[in-house]
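Here is the structure we will look at, set down as structure tokens.
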Amino acid sequence: MTRISVRGFAVASATAVTTVGAVVGVASGSQQGQTTNDVEATAADSTLLEDIPAGQQARVQTASLTQQADTAHAEARKAAEEAARKQAAEDAAAKKAAAEKAAKEREAKAAASRSAARADAGDFPAQASYSISEVKSMAQKIVGSGDFQCFSNIVERESGWNYRASNASSGAYGLVQALPGSKMASAGADWQTNPATQIKWGLNYMNDRYGSPCGAWDFWQANNWY
């Protein structure tokens with residue numbers, strides 16, 4: 001009994017020592033393993049942040065700067081396109097307003113020209129012939145002083161104030177060189193011999209086509225015809 005007890009105690013003691021050692025060893029090993037893992041993880045992190053090759057870092061930085069530049073360029077281009085569209089709309093509106101204003105001014109001028117006419121072709125008795133001074137006097141009274149100079153500029157260049165002027169090649173006739181001359185019959189049957197009839201027709205033509213004799217003169221200067 002005594003030997004069994006002693007042997008059992010010895011076996012138990014040995015087992016306990018072994019178990020305690022194993023437990024202590026496992027605990028110690030676990031702590032050391034965890035510490036080792038932490039160190040390795042830290043080292044791995046350190047490698048990712050600090051140990052990138054210099055060439056690769058340069059490429060990453062260049063790519064980032066390029067992307068930023070592309071973004072800034074796209075934004076600048078978008079802003080420029082928007083500004084251009086806005087300016088084009090403003091220019092179109094201004095051009096339209098200017099055209100409408102010019103049209104109103106031409107109409108007002110034509111109305112003033114028509115109302116300023118002081119005489120009609122029928123107010124002048126027919127004569128066998130007319131001098132240049134007489135024809136100019138008629139024109140001044142029919143056209144009115146406001147547009148007479150423009151009217152005179154055209155007549156001077158078209159016929160030299162010759163109410164019988166005829167263009168053999170084109171068929172144009174009279175003070176304002178109506179083409180054909182027979183158009184002036186709408187102002188009177190005596191269109192071939194009466195400068196007052198020609199003046200009346202010429203004034204109506206300039207008002208209807210160009211707004212006024214001055215409008216016709218502007219066109220004539222740009223084209224050498226009207």
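Identifiers in the structure tokens: chain A, B, ... in order shown; residue index from 1 per chain; ligand index from 1 in order shown.
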If you run DSSP on this backbone, which residues of region 141-200 of chain A come out as helix (DSSP H, G or I), and could you give them as an mmCIF file with N, CA, C and O atoms, in the first residue's frame?
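And here's out_28.cif as it stands now:
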```
data_model
loop_
_atom_site.group_PDB
_atom_site.id
_atom_site.type_symbol
_atom_site.label_atom_id
_atom_site.label_comp_id
_atom_site.auth_asym_id
_atom_site.auth_seq_id
_atom_site.Cartn_x
_atom_site.Cartn_y
_atom_site.Cartn_z
ATOM 1 N N LYS A 141 -37.702 120.937 -104.871
ATOM 2 C CA LYS A 141 -39.052 121.162 -104.377
ATOM 3 C C LYS A 141 -39.818 119.860 -104.213
ATOM 4 O O LYS A 141 -40.660 119.736 -103.309
ATOM 5 N N ILE A 142 -39.573 118.889 -105.079
ATOM 6 C CA ILE A 142 -40.289 117.607 -105.002
ATOM 7 C C ILE A 142 -39.690 116.702 -103.931
ATOM 8 O O ILE A 142 -40.406 116.085 -103.136
ATOM 9 N N VAL A 143 -38.366 116.604 -103.895
ATOM 10 C CA VAL A 143 -37.689 115.702 -102.957
ATOM 11 C C VAL A 143 -37.692 116.264 -101.542
ATOM 12 O O VAL A 143 -37.866 115.544 -100.560
ATOM 13 N N SER A 145 -35.674 119.332 -98.908
ATOM 14 C CA SER A 145 -34.290 119.680 -98.575
ATOM 15 C C SER A 145 -33.573 118.588 -97.780
ATOM 16 O O SER A 145 -32.360 118.427 -97.875
ATOM 17 N N GLY A 146 -34.320 117.800 -96.993
ATOM 18 C CA GLY A 146 -33.686 116.791 -96.148
ATOM 19 C C GLY A 146 -32.939 115.724 -96.919
ATOM 20 O O GLY A 146 -31.875 115.259 -96.494
ATOM 21 N N ASP A 147 -33.471 115.315 -98.087
ATOM 22 C CA ASP A 147 -32.869 114.242 -98.866
ATOM 23 C C ASP A 147 -32.345 114.717 -100.220
ATOM 24 O O ASP A 147 -31.868 113.896 -101.011
ATOM 25 N N PHE A 148 -32.440 116.006 -100.482
ATOM 26 C CA PHE A 148 -32.074 116.470 -101.815
ATOM 27 C C PHE A 148 -30.618 116.181 -102.152
ATOM 28 O O PHE A 148 -30.311 115.769 -103.271
ATOM 29 N N GLN A 149 -29.705 116.396 -101.221
ATOM 30 C CA GLN A 149 -28.288 116.202 -101.525
ATOM 31 C C GLN A 149 -27.992 114.758 -101.914
ATOM 32 O O GLN A 149 -27.244 114.498 -102.856
ATOM 33 N N CYS A 150 -28.602 113.801 -101.206
ATOM 34 C CA CYS A 150 -28.403 112.386 -101.549
ATOM 35 C C CYS A 150 -28.988 112.093 -102.922
ATOM 36 O O CYS A 150 -28.372 111.393 -103.744
ATOM 37 N N PHE A 151 -30.189 112.619 -103.183
ATOM 38 C CA PHE A 151 -30.823 112.437 -104.483
ATOM 39 C C PHE A 151 -29.951 113.037 -105.576
ATOM 40 O O PHE A 151 -29.714 112.417 -106.624
ATOM 41 N N SER A 152 -29.434 114.234 -105.327
ATOM 42 C CA SER A 152 -28.594 114.930 -106.302
ATOM 43 C C SER A 152 -27.316 114.151 -106.580
ATOM 44 O O SER A 152 -26.863 114.079 -107.737
ATOM 45 N N ASN A 153 -26.720 113.554 -105.539
ATOM 46 C CA ASN A 153 -25.483 112.786 -105.727
ATOM 47 C C ASN A 153 -25.695 111.640 -106.719
ATOM 48 O O ASN A 153 -24.835 111.351 -107.564
ATOM 49 N N ILE A 154 -26.845 110.978 -106.597
ATOM 50 C CA ILE A 154 -27.123 109.851 -107.492
ATOM 51 C C ILE A 154 -27.384 110.334 -108.913
ATOM 52 O O ILE A 154 -26.827 109.800 -109.881
ATOM 53 N N VAL A 155 -28.233 111.354 -109.047
ATOM 54 C CA VAL A 155 -28.568 111.864 -110.383
ATOM 55 C C VAL A 155 -27.327 112.396 -111.090
ATOM 56 O O VAL A 155 -27.131 112.176 -112.298
ATOM 57 N N GLU A 156 -26.463 113.065 -110.335
ATOM 58 C CA GLU A 156 -25.234 113.603 -110.920
ATOM 59 C C GLU A 156 -24.405 112.500 -111.557
ATOM 60 O O GLU A 156 -23.839 112.671 -112.649
ATOM 61 N N ARG A 157 -24.333 111.355 -110.902
ATOM 62 C CA ARG A 157 -23.511 110.253 -111.398
ATOM 63 C C ARG A 157 -24.234 109.400 -112.441
ATOM 64 O O ARG A 157 -23.582 108.776 -113.285
ATOM 65 N N GLU A 158 -25.556 109.364 -112.364
ATOM 66 C CA GLU A 158 -26.307 108.539 -113.312
ATOM 67 C C GLU A 158 -26.512 109.242 -114.656
ATOM 68 O O GLU A 158 -26.424 108.612 -115.709
ATOM 69 N N GLY A 181 -36.543 102.439 -119.266
ATOM 70 C CA GLY A 181 -37.114 103.761 -119.029
ATOM 71 C C GLY A 181 -38.622 103.759 -118.937
ATOM 72 O O GLY A 181 -39.221 104.593 -118.238
ATOM 73 N N SER A 182 -39.247 102.815 -119.590
ATOM 74 C CA SER A 182 -40.712 102.755 -119.602
ATOM 75 C C SER A 182 -41.314 102.518 -118.224
ATOM 76 O O SER A 182 -42.523 102.710 -118.020
ATOM 77 N N LYS A 183 -40.496 102.089 -117.253
ATOM 78 C CA LYS A 183 -40.989 101.924 -115.883
ATOM 79 C C LYS A 183 -41.592 103.221 -115.359
ATOM 80 O O LYS A 183 -42.513 103.226 -114.553
ATOM 81 N N MET A 184 -41.034 104.349 -115.827
ATOM 82 C CA MET A 184 -41.453 105.643 -115.298
ATOM 83 C C MET A 184 -42.846 106.050 -115.753
ATOM 84 O O MET A 184 -43.408 107.036 -115.286
ATOM 85 N N ALA A 185 -43.433 105.262 -116.646
ATOM 86 C CA ALA A 185 -44.804 105.546 -117.093
ATOM 87 C C ALA A 185 -45.784 105.460 -115.924
ATOM 88 O O ALA A 185 -46.875 106.058 -115.978
ATOM 89 N N SER A 186 -45.398 104.732 -114.852
ATOM 90 C CA SER A 186 -46.279 104.641 -113.682
ATOM 91 C C SER A 186 -46.440 105.988 -112.991
ATOM 92 O O SER A 186 -47.395 106.204 -112.234
ATOM 93 N N PRO A 195 -39.025 116.235 -116.806
ATOM 94 C CA PRO A 195 -38.138 115.875 -115.695
ATOM 95 C C PRO A 195 -38.876 115.752 -114.367
ATOM 96 O O PRO A 195 -38.467 114.952 -113.510
ATOM 97 N N ALA A 196 -39.947 116.481 -114.182
ATOM 98 C CA ALA A 196 -40.700 116.385 -112.929
ATOM 99 C C ALA A 196 -41.283 114.979 -112.757
ATOM 100 O O ALA A 196 -41.295 114.419 -111.645
ATOM 101 N N THR A 197 -41.762 114.390 -113.839
ATOM 102 C CA THR A 197 -42.296 113.019 -113.794
ATOM 103 C C THR A 197 -41.182 112.041 -113.435
ATOM 104 O O THR A 197 -41.378 111.108 -112.637
ATOM 105 N N GLN A 198 -40.013 112.251 -114.018
ATOM 106 C CA GLN A 198 -38.868 111.378 -113.725
ATOM 107 C C GLN A 198 -38.430 111.514 -112.265
ATOM 108 O O GLN A 198 -38.091 110.513 -111.608
ATOM 109 N N ILE A 199 -38.432 112.730 -111.764
ATOM 110 C CA ILE A 199 -38.044 112.970 -110.361
ATOM 111 C C ILE A 199 -39.025 112.281 -109.422
ATOM 112 O O ILE A 199 -38.633 111.644 -108.436
ATOM 113 N N LYS A 200 -40.305 112.415 -109.723
ATOM 114 C CA LYS A 200 -41.332 111.784 -108.888
ATOM 115 C C LYS A 200 -41.124 110.266 -108.857
ATOM 116 O O LYS A 200 -41.167 109.638 -107.791
#
```
Polymer residues at most 6 Å from Gly174 (chain A), only C-alpha atoms, same-chain spacing of 3 or more positions, as a list in words: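 Neighbouring residues, sequence-local ones excluded: Tyr163, Arg164, Ala165 and Gln177 of chain A.
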One-decimal distance in Å that lies between CA of Asn194 (chain A) and CA of Ile132 (chain A):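 Going from CA of Ile132 (chain A) over to CA of Asn194 (chain A) covers 12.6 Å.
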Exercise: Pro180 (chain A) partners within 8 Å, only C-alpha atoms, chain neighbours under 3 positions left out, as a VMD selection string: chain A and resid 170 to 173 183
Point-to-point distance in Å for CA of Ser131 (chain A) and CA of Ala119 (chain A):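 Taking CA of Ala119 (chain A) as the start and CA of Ser131 (chain A) as the end point, the length is 18.7 Å.
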Proximity to Glu105 (chain A) - best of A:Ala121, A:Trp220, A:Ala79, A:Cys214, only C-alpha atoms: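 Nearest to Glu105 (chain A): A:Cys214.
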